[in-house]
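Below you'll find the structure, written out as structure tokens, and then a few comments.
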Amino acid sequence: MLFGEAISSILEPEVRWVPSSTIELGAGYSDNPLYAPFIREDTAYIEVSGEVFLMREGNKEYFTYFYFFGEGKRFKTFSDNKDTALLLGQFEHAYTPKNSSQSYGFRFRHTYYDQGFDFSELGLPYRMSVTSNKTEWIPYLSHRFSPQTTGTISLSKGFENYRKITDDNRDRTLSLSLQGKGSLGAWKVSGEVGKKKYNERQRRNGDGSLFSAIPVETFKESVSFKIDKAFKPESLGNSTAKLQWSRLKDGGGSYYDYRKMGLSLEQEFKFFPYTVTASLSGSDTKYDTRKIDTGELFERQSLRYSTSITRVLGERTEAYLKWSREEDFSNARDYEYYSNFWSLGLTWEI
């Protein structure tokens, strides 16, 4: 009996939940936290973020976890729109039969978003908070073609509700991806096609006039390529690059039709006890028929920069210094803005 119990404990490892969590607390300053295109107001703020990951270990056939992320800022000088918040919760469960190259999985995700904006001349209140709740169900199937290459197909269905604006919608998306590892690093090729149906947003012509009272249905397709390389010299850390193309059609009037190209780059440097991360991303969006007051077709370009420096203070504690900048350009002045954020704080791993 004693030997039997010993052998059983080896063949059937203990199933347990392994938690990990991180908390960040800091203070900062922004010159335009409401992303205003005309009248920019600056303010100091405090920020807090937290991350919790709970994974189930002990059974190779099953992969299960809970994940929660939240971040928010409170601005000092604003009487309204004092807070911003982003909350994300995700649950995933996957099953891989023994000696099988396929995995069957399911994700459930909910995202809460609350951000104040200054809409200035866009015909809306001078300031307002955009608040939304989005829920998604994502079943998927993965197939391992080789030890280095895996393909995945997923079908997501979700709905998004807004508190103050009439952009409530339902969407469905079919995604295909192929990922693997090679001499250049880990790579991933993805493609998506999706349909989004709005409850109230109306269809419009290119000049903005009403095309139909029937709510808009948009059709979007996108393709992306991502590569992530870990360098052997530890000082270089990781490099990440992603190139993405997308196109949207609104199914009537063509006011929302556009083509978009984006590129993002990220580089990490490690010089113990310091880690430096720098990222740059940009996109160019051209609308097919939507026109501005001059008669030109509407265009938008976006740039995002960010840099962070972290220093190890202890086994589970780090200090950080962050800077980020968002900048939008357009041939329509109402859609141009820039915004900088600087912050300093501490991170605790629990």
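FYI, nothing fancy with the structure tokens labels: chains A, B, ... in order, residues from 1 per chain, ligands from 1 as they appear.
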
Quick one: contact table of stretch 178-209 of chain A to stretch 294-308 of chain A, 12 Å max, nearest atom pair and distance in Å to one decimal per residue, counting only C-alpha atoms, chain and number order, as JSON lines?
```
{"residue": "A:Gly206", "atom": "CA", "partner": "A:Leu297", "partner_atom": "CA", "distance": 8.8}
{"residue": "A:Asp207", "atom": "CA", "partner": "A:Gly295", "partner_atom": "CA", "distance": 8.7}
{"residue": "A:Gly208", "atom": "CA", "partner": "A:Phe298", "partner_atom": "CA", "distance": 11.5}
```

* Asked: Which residues come within 7 Å of A:Ser190, counting only C-alpha atoms, excluding same-chain residues fewer than 5 positions away, as a PyMOL selection string?
  -> chain A and resi 176-178+223-225

Residue selection dump (N, CA and C atoms) as a short mmCIF file (atom, residue, chain, number, x, y, z; two decimals), in the first residue's frame:
```cif
data_model
loop_
_atom_site.label_atom_id
_atom_site.label_comp_id
_atom_site.auth_asym_id
_atom_site.auth_seq_id
_atom_site.Cartn_x
_atom_site.Cartn_y
_atom_site.Cartn_z
N LEU A 176 -7.65 33.92 -37.65
CA LEU A 176 -6.73 32.85 -37.97
C LEU A 176 -5.32 33.32 -37.67
N SER A 177 -4.50 32.45 -37.09
CA SER A 177 -3.13 32.83 -36.80
C SER A 177 -2.21 31.64 -36.94
N LEU A 178 -0.97 31.93 -37.26
CA LEU A 178 0.09 30.93 -37.35
C LEU A 178 1.31 31.51 -36.66
N VAL A 223 -4.77 42.24 -41.34
CA VAL A 223 -3.67 41.29 -41.41
C VAL A 223 -2.50 41.89 -40.65
N SER A 224 -1.80 41.07 -39.87
CA SER A 224 -0.66 41.59 -39.11
C SER A 224 0.47 40.57 -39.07
N PHE A 225 1.67 41.09 -38.90
CA PHE A 225 2.86 40.25 -38.74
C PHE A 225 3.66 40.78 -37.57
#
```

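Each of A:Gly89, A:Tyr140, A:Arg203, A:Thr149 was checked against A:Ser101 using only C-alpha atoms; the smallest atom-to-atom distance is that of A:Thr149.
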
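Shortest separation to A:Leu346 among A:Ala44, A:Phe117, A:Lys98, A:Thr22 occurs at residue A:Thr22, atoms counted being only C-alpha atoms.
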
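The nearest approach to A:Asn199 among the residues A:Ser235, A:Thr218, A:Ser279, A:Thr173, with only C-alpha atoms taken into account, belongs to A:Thr218.
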
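Distance check against A:Lys242 using only C-alpha atoms: of A:Leu263, A:Ile153, A:Leu86, A:Val216, the minimum falls on A:Leu263.
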
* To do: Mind the document's chain letters and residue numbers, and return as a VMD selection string the residues of stretch 104-192 of chain A that DSSP labels strand (DSSP E).
  => chain A and resid 104 to 118 127 to 146 149 to 162 169 to 182 185 to 192

* **Residue contacts of A:Ser212 (9 Å, only C-alpha atoms) excluding same-chain residues fewer than 5 positions away, as a PyMOL selection string** => chain A and resi 202-205+252-253

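Atom CA of A:Ser100 is positioned 9.7 Å from atom CA of A:Glu61.
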
* Structure fact -> From the list A:Pro147, A:Gly105, A:Gly28, A:Gly116, the nearest residue to A:Ser132 using only C-alpha atoms is A:Gly116

* Selection near A:Val15, 9 Å with only C-alpha atoms, sequence-local residues under 3 positions removed, as a count of residues only -> 5

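Using only C-alpha atoms, the contacts of A:Ser103 at a cut-off of 7 Å, with sequence neighbours closer than 4 positions omitted, comprise A:Ala94, A:Tyr95, A:Thr96, A:Leu141, A:Ser142, A:His143.
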
Using only all heavy atoms, please write the residues we just selected to a file, as a short mmCIF file (atom, residue, chain, number, x, y, z; two decimals), in the first residue's frame.
```
data_model
loop_
_atom_site.label_atom_id
_atom_site.label_comp_id
_atom_site.auth_asym_id
_atom_site.auth_seq_id
_atom_site.Cartn_x
_atom_site.Cartn_y
_atom_site.Cartn_z
N ALA A 94 -8.41 25.52 -21.43
CA ALA A 94 -8.09 24.76 -22.64
C ALA A 94 -7.84 23.30 -22.28
O ALA A 94 -7.35 22.99 -21.19
CB ALA A 94 -6.87 25.35 -23.33
N TYR A 95 -8.17 22.44 -23.21
CA TYR A 95 -7.99 20.99 -23.02
C TYR A 95 -7.18 20.43 -24.18
O TYR A 95 -7.52 20.63 -25.35
CB TYR A 95 -9.36 20.31 -22.96
CG TYR A 95 -9.29 18.80 -23.00
CD1 TYR A 95 -8.62 18.07 -22.03
CD2 TYR A 95 -9.92 18.11 -24.04
CE1 TYR A 95 -8.56 16.68 -22.08
CE2 TYR A 95 -9.87 16.72 -24.10
CZ TYR A 95 -9.18 16.02 -23.12
OH TYR A 95 -9.12 14.64 -23.17
N THR A 96 -6.09 19.73 -23.88
CA THR A 96 -5.25 19.06 -24.87
C THR A 96 -5.20 17.58 -24.54
O THR A 96 -4.54 17.18 -23.56
CB THR A 96 -3.83 19.63 -24.87
OG1 THR A 96 -3.88 21.06 -25.06
CG2 THR A 96 -3.00 19.01 -25.98
N LEU A 141 -9.64 26.80 -31.45
CA LEU A 141 -9.03 25.49 -31.70
C LEU A 141 -7.61 25.71 -32.20
O LEU A 141 -7.38 26.48 -33.13
CB LEU A 141 -9.83 24.72 -32.76
CG LEU A 141 -9.19 23.44 -33.31
CD1 LEU A 141 -9.06 22.39 -32.21
CD2 LEU A 141 -10.00 22.89 -34.49
N SER A 142 -6.64 25.05 -31.55
CA SER A 142 -5.24 25.16 -31.94
C SER A 142 -4.72 23.81 -32.42
O SER A 142 -5.10 22.76 -31.88
CB SER A 142 -4.38 25.64 -30.76
OG SER A 142 -4.71 26.95 -30.39
N HIS A 143 -3.86 23.85 -33.43
CA HIS A 143 -3.24 22.63 -33.96
C HIS A 143 -1.73 22.83 -34.02
O HIS A 143 -1.25 23.82 -34.57
CB HIS A 143 -3.79 22.31 -35.36
CG HIS A 143 -3.20 21.06 -35.93
ND1 HIS A 143 -3.66 19.80 -35.59
CD2 HIS A 143 -2.19 20.88 -36.82
CE1 HIS A 143 -2.96 18.89 -36.26
NE2 HIS A 143 -2.06 19.52 -37.00
#
```

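Restricting the calculation to only C-alpha atoms, the smallest distance between A:Phe269 and any of A:Ser146, A:Ser339, A:Ser175, A:Ser239 is found for A:Ser239.
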
* Residue neighbourhood A:Lys73, 7 Å, only C-alpha atoms, exclusion window fewer than 4 positions, as a list in words -> Tyr45, Ile46, Glu47, Val48, Asp83, Thr84 and Ala85 of chain A

Kindly assemble as a Markdown table a list of the stretch 188-303 of chain A residues that lie within 10 Å of stretch 161-169 of chain A, each paired with its nearest atom pair and their distance in Å to one decimal, using only C-alpha atoms, sorted first by chain and then by ascending residue number.
```
| residue | atom | partner | partner_atom | distance |
| --- | --- | --- | --- | --- |
| A:Lys196 | CA | A:Asn169 | CA | 6.6 |
| A:Lys197 | CA | A:Asn169 | CA | 5.4 |
| A:Tyr198 | CA | A:Asn169 | CA | 4.2 |
| A:Asn199 | CA | A:Asn169 | CA | 5.7 |
| A:Glu200 | CA | A:Thr166 | CA | 6.1 |
| A:Arg201 | CA | A:Asp167 | CA | 6.1 |
| A:Gln202 | CA | A:Asp167 | CA | 9.9 |
| A:Pro215 | CA | A:Asn169 | CA | 10.0 |
| A:Val216 | CA | A:Asn169 | CA | 9.6 |
| A:Glu217 | CA | A:Asn169 | CA | 9.2 |
```
